[in-house]
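**Student:** So that we are looking at the same thing, I have put the structure below in structure tokens.
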Amino acid sequence: MIEIQNLTKRFGAVTAVRELNLSAGRGEVLGVLGPNGAGKSTTMKMLTGYLAPDSGTARICDHDIQTDALAAQRMFGYLPEGAPAYGDMTPREFLAFIASVRGLAKTDAAAKAASACELGAVLDRPIETLSKGFRRRVGLAQAILHNPPVLILDEPTDGLDPNQKHAVRELIRTMAAEKTIIISTHILEEVEAVCSRAVIMDHGVIVADATPAELASRAPSGRLDDVFRAMTTGDRAA
């Protein structure tokens with residue numbers, strides 16, 4: 001459902017993503033790991049059409065994100081870095097607005113998404129007054145509102161407390177069987193908790209691609225964090 005071929009993006013003299021090849025199918029939760037500057041968010045932005053690549057292609061449900069953008073964008077929900085939203089709106093108003101833009105029944109779609117993300121306590125408070133965790137959950141609600149077959153989530157539990165993280169991970173696990181989900185994260189615990197597969201990026205390229213358990217087994221300690229550290233510090237024999 002997601003296919004990336006030879007995707008490349010440069011910012012001046014810096015190559016943020018270099019000839020990236022990656023695919024993911026239905027029922028797969030793919031974790032994209034990497035340190036700051038590895039190219040994770042840049043990859044997400046190109047995959048969703050928010051950033052044009054210098055070369056290469058990305059397809060979602062057989063729709064090219066550049067040449068068939070509208071069809072591709074109907075197929076995914078996107079939680080971007082920072083979860084931007086209209087601060088003067090309440091979550092209820094914001095989700096109803098997103099539902100309207102997508103041509104859905106405002107009340108039904110918004111209510112289902114709000115319930116799934118446990119927003120009941122803050123539905124009528126301005127988004128700009130909410131905690132970072134609740135703003136993140138509003139962003140997740142708009143991503144799942146139209147029940148898309150593909151979810152692209154950039155740091156979905158960033159800013160959430162432990163209970164909120166658990167709830168979001170449970171929601172991801174519940175949706176996983178029927179969707180293709182890509183999660184960009186630096187939280188190794190999250191990969192082990194919800195991902196069926198993980199890739200590690202470093203300096204714009206993929207340096208490892210396996211299940212979390214297979215990756216962890218590459219280190220004598222059996223710990224994913226040790227493999228991550230080795231793969232992103234040049235010692236790739238681990």
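Residues are referred to by chain and number: the chain letter is A, B, ... according to the order shown in the structure tokens, the number counts from 1 in that chain, and ligands are numbered separately from 1 in the order shown.
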List as a JSON list (two decimals) with N, CA and C atoms, in the first residue's frame the protein and nucleic acid residues near A:Arg136, meaning an atom at most 10 Å away when only C-alpha atoms are counted, but skip any in the same chain fewer than 5 places from it.
**Tutor:**
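Result file is around_16.json:
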[["chain", "number", "residue", "atom", "x", "y", "z"],
["A", 79, "LEU", "N", -0.37, 12.57, 10.69],
["A", 79, "LEU", "CA", -0.10, 13.33, 11.90],
["A", 79, "LEU", "C", 1.31, 13.90, 11.77],
["A", 80, "PRO", "N", 1.44, 15.19, 11.43],
["A", 80, "PRO", "CA", 2.76, 15.75, 11.21],
["A", 80, "PRO", "C", 3.45, 16.14, 12.51],
["A", 81, "GLU", "N", 4.71, 16.46, 12.38],
["A", 81, "GLU", "CA", 5.48, 16.93, 13.51],
["A", 81, "GLU", "C", 4.83, 18.20, 14.06],
["A", 82, "GLY", "N", 4.59, 18.25, 15.36],
["A", 82, "GLY", "CA", 4.01, 19.44, 15.97],
["A", 82, "GLY", "C", 2.49, 19.46, 16.00],
["A", 83, "ALA", "N", 1.84, 18.56, 15.27],
["A", 83, "ALA", "CA", 0.37, 18.46, 15.25],
["A", 83, "ALA", "C", -0.29, 19.84, 15.09],
["A", 84, "PRO", "N", -0.05, 20.55, 13.99],
["A", 84, "PRO", "CA", -0.63, 21.88, 13.82],
["A", 84, "PRO", "C", -2.15, 21.84, 13.75],
["A", 85, "ALA", "N", -2.78, 22.84, 14.35],
["A", 85, "ALA", "CA", -4.24, 22.97, 14.32],
["A", 85, "ALA", "C", -4.58, 24.44, 14.53],
["A", 117, "CYS", "N", -9.73, 8.89, 20.51],
["A", 117, "CYS", "CA", -8.54, 9.56, 21.06],
["A", 117, "CYS", "C", -8.78, 10.12, 22.46],
["A", 130, "LEU", "N", -4.82, 23.92, 25.41],
["A", 130, "LEU", "CA", -4.62, 22.53, 25.80],
["A", 130, "LEU", "C", -3.15, 22.21, 26.02],
["A", 131, "SER", "N", -2.92, 21.18, 26.80],
["A", 131, "SER", "CA", -1.55, 20.69, 27.00],
["A", 131, "SER", "C", -1.01, 20.12, 25.69],
["A", 141, "ALA", "N", -6.59, 12.52, 16.13],
["A", 141, "ALA", "CA", -8.01, 12.37, 15.80],
["A", 141, "ALA", "C", -8.31, 12.83, 14.38],
["A", 155, "GLU", "N", 6.01, 10.89, 15.20],
["A", 155, "GLU", "CA", 6.11, 11.01, 16.66],
["A", 155, "GLU", "C", 4.72, 11.06, 17.30],
["A", 156, "PRO", "N", 3.90, 10.02, 17.16],
["A", 156, "PRO", "CA", 2.50, 10.08, 17.62],
["A", 156, "PRO", "C", 2.33, 10.23, 19.12],
["A", 157, "THR", "N", 3.29, 9.81, 19.94],
["A", 157, "THR", "CA", 3.11, 9.92, 21.39],
["A", 157, "THR", "C", 4.00, 11.01, 22.00],
["A", 158, "ASP", "N", 4.54, 11.87, 21.17],
["A", 158, "ASP", "CA", 5.38, 12.96, 21.68],
["A", 158, "ASP", "C", 4.58, 13.86, 22.61],
["A", 159, "GLY", "N", 5.06, 14.06, 23.83],
["A", 159, "GLY", "CA", 4.40, 14.94, 24.78],
["A", 159, "GLY", "C", 3.30, 14.31, 25.60],
["A", 160, "LEU", "N", 3.02, 13.03, 25.38],
["A", 160, "LEU", "CA", 1.96, 12.36, 26.13],
["A", 160, "LEU", "C", 2.51, 11.77, 27.43]]
**Student:** If we count only C-alpha atoms, what is near A:Leu215 at a cut-off of 10 Å, once residues fewer than 5 positions away on the same chain are taken out, given as a list in words?
**Tutor:**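 Near A:Leu215, the qualifying residues are Arg197, Ala198, Val199, Ile200, Ala208, Asp209, Ala210, Gly222, Arg223, Leu224, Asp225, Asp226, Val227, Phe228 and Ala238 of chain A.
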**Student:** Would you tabulate, counting only C-alpha atoms, all residues of stretch 94-183 of chain A that have an atom at most 10 Å from an atom of stretch 31-34 of chain A, showing the closest pair of atoms and their distance in Å to one decimal, sorted by chain then ascending number, as a tab-separated table?
**Tutor:**
residue	atom	partner	partner_atom	distance
A:Leu153	CA	A:Gly31	CA	9.6
A:Asp154	CA	A:Val32	CA	9.3
A:Glu155	CA	A:Val32	CA	9.9
A:Ile181	CA	A:Gly31	CA	8.5
A:Ile182	CA	A:Gly31	CA	5.9
A:Ile183	CA	A:Gly31	CA	4.8
**Student:** Rank A:Glu93, A:Asp124, A:Glu3, A:Glu28 by their smallest atom-to-atom distance to A:Cys61, using only C-alpha atoms, and report the top residue only.
**Tutor:** A:Glu3
**Student:** Residues of stretch 27-84 of chain A in strand (DSSP E) according to DSSP, as a list in words?
**Tutor:** Val29, Leu30, Gly31, Val32, Leu33, Ser55, Gly56, Thr57, Ala58, Arg59, Ile60, His63, Asp64, Phe76, Gly77, Tyr78 and Leu79 of chain A
**Student:** Between A:Ser115, A:Asn147, A:Arg10, A:Pro35, single out the one closest to A:Met231, counting only C-alpha atoms.
**Tutor:**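 So, comparing all the options, the nearest one is A:Pro35.
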**Student:** Using only C-alpha atoms, which residue out of A:Ala113, A:Asp161, A:Arg59, A:Pro148 lies closest to A:Lys132?
**Tutor:**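 Among A:Ala113, A:Asp161, A:Arg59, A:Pro148, it is A:Asp161 that comes nearest to A:Lys132.
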**Student:** Going by DSSP on the backbone, which bits of stretch 24-56 of chain A are alpha helix (DSSP H)? Write them as a VMD selection string, please.
**Tutor:** chain A and resid 40 to 47
**Student:** Would you kindly return, as a count of residues only, each protein, DNA or RNA residue with an atom no farther than 8 Å from any atom of stretch 99-104 of chain A, considering only C-alpha atoms and excluding same-chain residues fewer than 4 positions away?
**Tutor:** 5
**Student:** Kindly indicate which residue among A:Gly27, A:Gly56, A:Gly37, A:Gly77 lies nearest to A:Thr15, using only C-alpha atoms for the distances.
**Tutor:**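 So, comparing all the options, the nearest one is A:Gly37.
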**Student:** Measuring between only C-alpha atoms, which one of A:Glu178, A:Asp68, A:Asp202, A:Glu19 shows the shortest distance to A:Thr48?
**Tutor:** A:Asp68
**Student:** With a distance cut-off of 12 Å and only C-alpha atoms, select the neighbouring residues of A:Tyr86, excluding the residue or stretch itself and same-chain residues fewer than 2 positions from it, and output the selection as an MDAnalysis selection string.
**Tutor:** chainID A and resid 83:84 88:95 97:98 126:130 135 138:139
**Student:** What does the file look like for those residues with C-alpha atoms, as a CSV table (one decimal), in the first residue's frame?
**Tutor:**
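File again-v4.csv, as written:
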chain,number,residue,atom,x,y,z
A,83,ALA,CA,0.4,18.5,15.2
A,84,PRO,CA,-0.6,21.9,13.8
A,88,ASP,CA,-8.8,29.4,18.4
A,89,MET,CA,-11.0,26.4,17.5
A,90,THR,CA,-12.1,23.8,20.0
A,91,PRO,CA,-11.4,20.2,19.3
A,92,ARG,CA,-15.1,19.7,18.5
A,93,GLU,CA,-15.1,22.6,16.0
A,94,PHE,CA,-11.8,21.6,14.5
A,95,LEU,CA,-12.8,17.9,13.9
A,97,PHE,CA,-14.2,21.4,10.1
A,98,ILE,CA,-11.9,18.5,9.0
A,126,PRO,CA,-9.8,26.2,22.7
A,127,ILE,CA,-7.0,24.1,21.3
A,128,GLU,CA,-4.4,26.8,22.1
A,129,THR,CA,-5.2,26.3,25.8
A,130,LEU,CA,-4.6,22.5,25.8
A,135,ARG,CA,-3.0,18.8,21.2
A,138,VAL,CA,-6.4,16.3,18.5
A,139,GLY,CA,-3.9,15.9,15.7
**Student:** Between A:Thr67, A:Ser184, A:Arg125, A:Val205, single out the one closest to A:Ala16, counting only C-alpha atoms.
**Tutor:**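 Among the listed residues, A:Val205 lies closest to A:Ala16.
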**Student:** Near A:Thr180, within 8 Å and counting only C-alpha atoms, which residues show up once chain neighbours fewer than 5 positions away are dropped, as a PyMOL selection string?
**Tutor:** chain A and resi 1-2+24-29+149-151
**Student:** Extract, using only C-alpha atoms, all DNA, RNA and protein residues at most 6 Å from A:Ala38, discarding same-chain residues fewer than 6 positions from it, and format them as a PyMOL selection string.
**Tutor:** chain A and resi 201-204
**Student:** Which polymer residues have any atom within 9 Å of an atom of A:Thr43, counting only C-alpha atoms, with same-chain residues fewer than 6 positions away left out, as a ChimeraX atom specification?
**Tutor:** /A:7-9,16-17,20,51,204
